[in-house]
Amino acid sequence: MPLPIAHGLLGASVVAALRPSSEPRTWKMLLTGALLGIAPDSDYILNWLRISWGGWHHGFTHSIPFALVIGFVMILIFREWNVRSYLVFTGAYVSHTLLDFMFTESRGVALWWPFTNHRYKLRLPNPIDYTWSHASLLETMLDVLKICLTELVIFAPILVLVIWLKHGFVSSVRNRGQYHLR
Ligand SMILES: [Zn+2]
């Protein structure tokens, strides 16, 4: 059950990989990607509000058709009418769905809602131990902090690597082009 650190960093990585490397709004877009990566877990709010007696988690907000709609809403908000932007926003959102699908230990993710409510999961071996102590509030907080740091150690390098590869590669191609022009 990945936490917001992993989902946010993965959403930002998708944006870093797919957005044009020359765009001036990079940080704003990375933040948008991170928020999109976290957004599917807003269903916790529905559970908390006890709407329909709970049981929403990993439901419609985690479905691929819902991600396709979110991508459309995002290009409306950002007024970016192009396929690339649609794929970037949808990809950042759906990265959450796929990560949960691969590693969740719950009853699974409603990947194809509204067509079916069937829950799907791969249950790949999880690199992070997501169990935490319930002995006291302090112990719970320490365990959650440890999990967050572990996610940071695993997923932050992915984002850094994507940014480095993209910008390093693009600038080297540009430099080579300038060299040939001389
Ligand atoms: Zn989730």
# chains A, B, ... in the order shown; residues from 1 in each chain; ligands from 1
$ residues_around --residues "Ser63 of chain A" --least-positions-apart "4" --cutoff "10 Å" --atoms "only C-alpha atoms" --output "ChimeraX atom specification"
/A:40,58-59,67-68,93-94,96-98,109-117,119
$ residues_near_ligand --ligand "ligand 1" --cutoff "10 Å" --atoms "only C-alpha atoms and all ligand atoms" --output "PDB file with N, CA, C and O atoms, in the first residue's frame"
ATOM      1  N   MET A   1       0.837  -1.191   0.000  1.00  0.00           N
ATOM      2  CA  MET A   1       0.000   0.000   0.000  1.00  0.00           C
ATOM      3  C   MET A   1       0.878   1.250   0.000  1.00  0.00           C
ATOM      4  O   MET A   1       1.196   1.787   1.054  1.00  0.00           O
ATOM      5  N   PRO A   2       1.337   1.662  -1.178  1.00  0.00           N
ATOM      6  CA  PRO A   2       2.204   2.853  -1.225  1.00  0.00           C
ATOM      7  C   PRO A   2       1.532   4.092  -0.631  1.00  0.00           C
ATOM      8  O   PRO A   2       0.326   4.276  -0.764  1.00  0.00           O
ATOM      9  N   LEU A   3       2.343   4.937  -0.004  1.00  0.00           N
ATOM     10  CA  LEU A   3       1.851   6.169   0.632  1.00  0.00           C
ATOM     11  C   LEU A   3       2.022   7.353  -0.341  1.00  0.00           C
ATOM     12  O   LEU A   3       2.609   7.206  -1.416  1.00  0.00           O
ATOM     13  N   PRO A   4       1.536   8.552   0.030  1.00  0.00           N
ATOM     14  CA  PRO A   4       1.602   9.705  -0.888  1.00  0.00           C
ATOM     15  C   PRO A   4       3.002  10.067  -1.369  1.00  0.00           C
ATOM     16  O   PRO A   4       3.150  10.620  -2.467  1.00  0.00           O
ATOM     17  N   HIS A   7       3.594   7.842  -4.439  1.00  0.00           N
ATOM     18  CA  HIS A   7       2.669   8.213  -5.524  1.00  0.00           C
ATOM     19  C   HIS A   7       2.995   9.595  -6.089  1.00  0.00           C
ATOM     20  O   HIS A   7       2.949   9.808  -7.304  1.00  0.00           O
ATOM     21  N   GLY A  37      -0.719  12.287  -8.982  1.00  0.00           N
ATOM     22  CA  GLY A  37      -0.292  10.970  -8.517  1.00  0.00           C
ATOM     23  C   GLY A  37      -0.885  10.601  -7.165  1.00  0.00           C
ATOM     24  O   GLY A  37      -1.094   9.427  -6.863  1.00  0.00           O
ATOM     25  N   ILE A  38      -1.173  11.601  -6.362  1.00  0.00           N
ATOM     26  CA  ILE A  38      -1.727  11.358  -5.025  1.00  0.00           C
ATOM     27  C   ILE A  38      -3.264  11.302  -5.061  1.00  0.00           C
ATOM     28  O   ILE A  38      -3.896  10.619  -4.263  1.00  0.00           O
ATOM     29  N   ALA A  39      -3.858  12.020  -6.034  1.00  0.00           N
ATOM     30  CA  ALA A  39      -5.299  12.281  -6.054  1.00  0.00           C
ATOM     31  C   ALA A  39      -6.208  11.054  -5.900  1.00  0.00           C
ATOM     32  O   ALA A  39      -7.237  11.149  -5.210  1.00  0.00           O
ATOM     33  N   PRO A  40      -5.895   9.890  -6.495  1.00  0.00           N
ATOM     34  CA  PRO A  40      -6.831   8.768  -6.366  1.00  0.00           C
ATOM     35  C   PRO A  40      -7.132   8.385  -4.912  1.00  0.00           C
ATOM     36  O   PRO A  40      -8.211   7.867  -4.616  1.00  0.00           O
ATOM     37  N   ASP A  41      -6.186   8.646  -4.006  1.00  0.00           N
ATOM     38  CA  ASP A  41      -6.447   8.292  -2.608  1.00  0.00           C
ATOM     39  C   ASP A  41      -7.362   9.294  -1.915  1.00  0.00           C
ATOM     40  O   ASP A  41      -7.585   9.183  -0.700  1.00  0.00           O
ATOM     41  N   SER A  42      -7.907  10.252  -2.667  1.00  0.00           N
ATOM     42  CA  SER A  42      -8.930  11.135  -2.077  1.00  0.00           C
ATOM     43  C   SER A  42     -10.158  10.318  -1.696  1.00  0.00           C
ATOM     44  O   SER A  42     -11.020  10.813  -0.970  1.00  0.00           O
ATOM     45  N   ASP A  43     -10.235   9.062  -2.161  1.00  0.00           N
ATOM     46  CA  ASP A  43     -11.378   8.238  -1.752  1.00  0.00           C
ATOM     47  C   ASP A  43     -11.364   7.938  -0.254  1.00  0.00           C
ATOM     48  O   ASP A  43     -12.365   7.520   0.312  1.00  0.00           O
ATOM     49  N   TYR A  44     -10.206   8.178   0.391  1.00  0.00           N
ATOM     50  CA  TYR A  44     -10.171   8.042   1.857  1.00  0.00           C
ATOM     51  C   TYR A  44     -11.134   9.032   2.500  1.00  0.00           C
ATOM     52  O   TYR A  44     -11.707   8.760   3.565  1.00  0.00           O
ATOM     53  N   HIS A  57     -12.430   2.636  -0.755  1.00  0.00           N
ATOM     54  CA  HIS A  57     -11.007   2.665  -1.110  1.00  0.00           C
ATOM     55  C   HIS A  57     -10.674   1.677  -2.223  1.00  0.00           C
ATOM     56  O   HIS A  57     -11.143   0.547  -2.227  1.00  0.00           O
ATOM     57  N   HIS A  58      -9.822   2.157  -3.155  1.00  0.00           N
ATOM     58  CA  HIS A  58      -9.435   1.407  -4.360  1.00  0.00           C
ATOM     59  C   HIS A  58     -10.619   1.192  -5.304  1.00  0.00           C
ATOM     60  O   HIS A  58     -10.596   0.273  -6.123  1.00  0.00           O
ATOM     61  N   GLY A  59     -11.628   2.043  -5.160  1.00  0.00           N
ATOM     62  CA  GLY A  59     -12.809   1.939  -6.016  1.00  0.00           C
ATOM     63  C   GLY A  59     -12.685   2.817  -7.254  1.00  0.00           C
ATOM     64  O   GLY A  59     -11.643   2.834  -7.914  1.00  0.00           O
ATOM     65  N   THR A  61     -12.136   5.926  -7.983  1.00  0.00           N
ATOM     66  CA  THR A  61     -11.039   6.901  -8.197  1.00  0.00           C
ATOM     67  C   THR A  61      -9.765   6.210  -8.701  1.00  0.00           C
ATOM     68  O   THR A  61      -8.853   6.872  -9.183  1.00  0.00           O
ATOM     69  N   HIS A  62      -9.698   4.879  -8.548  1.00  0.00           N
ATOM     70  CA  HIS A  62      -8.522   4.138  -8.993  1.00  0.00           C
ATOM     71  C   HIS A  62      -8.738   3.461 -10.349  1.00  0.00           C
ATOM     72  O   HIS A  62      -7.898   2.661 -10.765  1.00  0.00           O
ATOM     73  N   SER A  95      -0.565   6.412 -12.994  1.00  0.00           N
ATOM     74  CA  SER A  95       0.608   5.804 -12.357  1.00  0.00           C
ATOM     75  C   SER A  95       0.243   5.319 -10.949  1.00  0.00           C
ATOM     76  O   SER A  95       0.758   4.296 -10.476  1.00  0.00           O
ATOM     77  N   HIS A  96      -0.653   6.049 -10.298  1.00  0.00           N
ATOM     78  CA  HIS A  96      -1.113   5.652  -8.960  1.00  0.00           C
ATOM     79  C   HIS A  96      -1.863   4.317  -9.037  1.00  0.00           C
ATOM     80  O   HIS A  96      -1.576   3.388  -8.278  1.00  0.00           O
ATOM     81  N   THR A  97      -2.806   4.259  -9.986  1.00  0.00           N
ATOM     82  CA  THR A  97      -3.612   3.047 -10.161  1.00  0.00           C
ATOM     83  C   THR A  97      -2.715   1.822 -10.369  1.00  0.00           C
ATOM     84  O   THR A  97      -2.908   0.779  -9.752  1.00  0.00           O
ATOM     85  N   LEU A  98      -1.715   1.989 -11.243  1.00  0.00           N
ATOM     86  CA  LEU A  98      -0.867   0.845 -11.594  1.00  0.00           C
ATOM     87  C   LEU A  98       0.033   0.428 -10.427  1.00  0.00           C
ATOM     88  O   LEU A  98       0.261  -0.756 -10.204  1.00  0.00           O
ATOM     89  N   LEU A  99       0.524   1.428  -9.676  1.00  0.00           N
ATOM     90  CA  LEU A  99       1.370   1.094  -8.516  1.00  0.00           C
ATOM     91  C   LEU A  99       0.564   0.325  -7.470  1.00  0.00           C
ATOM     92  O   LEU A  99       1.036  -0.682  -6.927  1.00  0.00           O
ATOM     93  N   ASP A 100      -0.649   0.802  -7.204  1.00  0.00           N
ATOM     94  CA  ASP A 100      -1.513   0.083  -6.254  1.00  0.00           C
ATOM     95  C   ASP A 100      -1.844  -1.313  -6.787  1.00  0.00           C
ATOM     96  O   ASP A 100      -1.827  -2.294  -6.046  1.00  0.00           O
ATOM     97  N   PHE A 101      -2.156  -1.382  -8.071  1.00  0.00           N
ATOM     98  CA  PHE A 101      -2.498  -2.664  -8.691  1.00  0.00           C
ATOM     99  C   PHE A 101      -1.355  -3.671  -8.517  1.00  0.00           C
ATOM    100  O   PHE A 101      -1.563  -4.840  -8.223  1.00  0.00           O
ATOM    101  N   THR A 104      -0.687  -3.736  -4.010  1.00  0.00           N
ATOM    102  CA  THR A 104      -1.637  -3.672  -2.900  1.00  0.00           C
ATOM    103  C   THR A 104      -1.851  -5.037  -2.256  1.00  0.00           C
ATOM    104  O   THR A 104      -1.810  -6.075  -2.923  1.00  0.00           O
ATOM    105  N   VAL A 109      -7.876  -3.487  -6.845  1.00  0.00           N
ATOM    106  CA  VAL A 109      -8.212  -2.176  -7.381  1.00  0.00           C
ATOM    107  C   VAL A 109      -9.304  -2.345  -8.441  1.00  0.00           C
ATOM    108  O   VAL A 109      -9.217  -3.236  -9.292  1.00  0.00           O
TER     109      VAL A 109
END
$ residues_around --residues "Val162 of chain A" --least-positions-apart "2" --cutoff "8 Å" --atoms "only C-alpha atoms" --output "MDAnalysis selection string"
chainID A and resid 13 16:17 158:160 164:166
$ write_last_selection --atoms "C-alpha atoms" --output "JSON list (two decimals), in the first residue's frame"
[["chain", "number", "residue", "atom", "x", "y", "z"],
["A", 13, "SER", "CA", 8.40, 11.45, -12.73],
["A", 16, "ALA", "CA", 9.21, 14.95, -16.11],
["A", 17, "ALA", "CA", 9.52, 12.11, -18.63],
["A", 158, "ILE", "CA", 13.76, 7.81, -10.08],
["A", 159, "LEU", "CA", 12.56, 11.42, -10.44],
["A", 160, "VAL", "CA", 16.11, 12.78, -10.32],
["A", 164, "TRP", "CA", 18.81, 14.23, -15.47],
["A", 165, "LEU", "CA", 18.40, 11.85, -18.43],
["A", 166, "LYS", "CA", 15.90, 14.10, -20.15]]
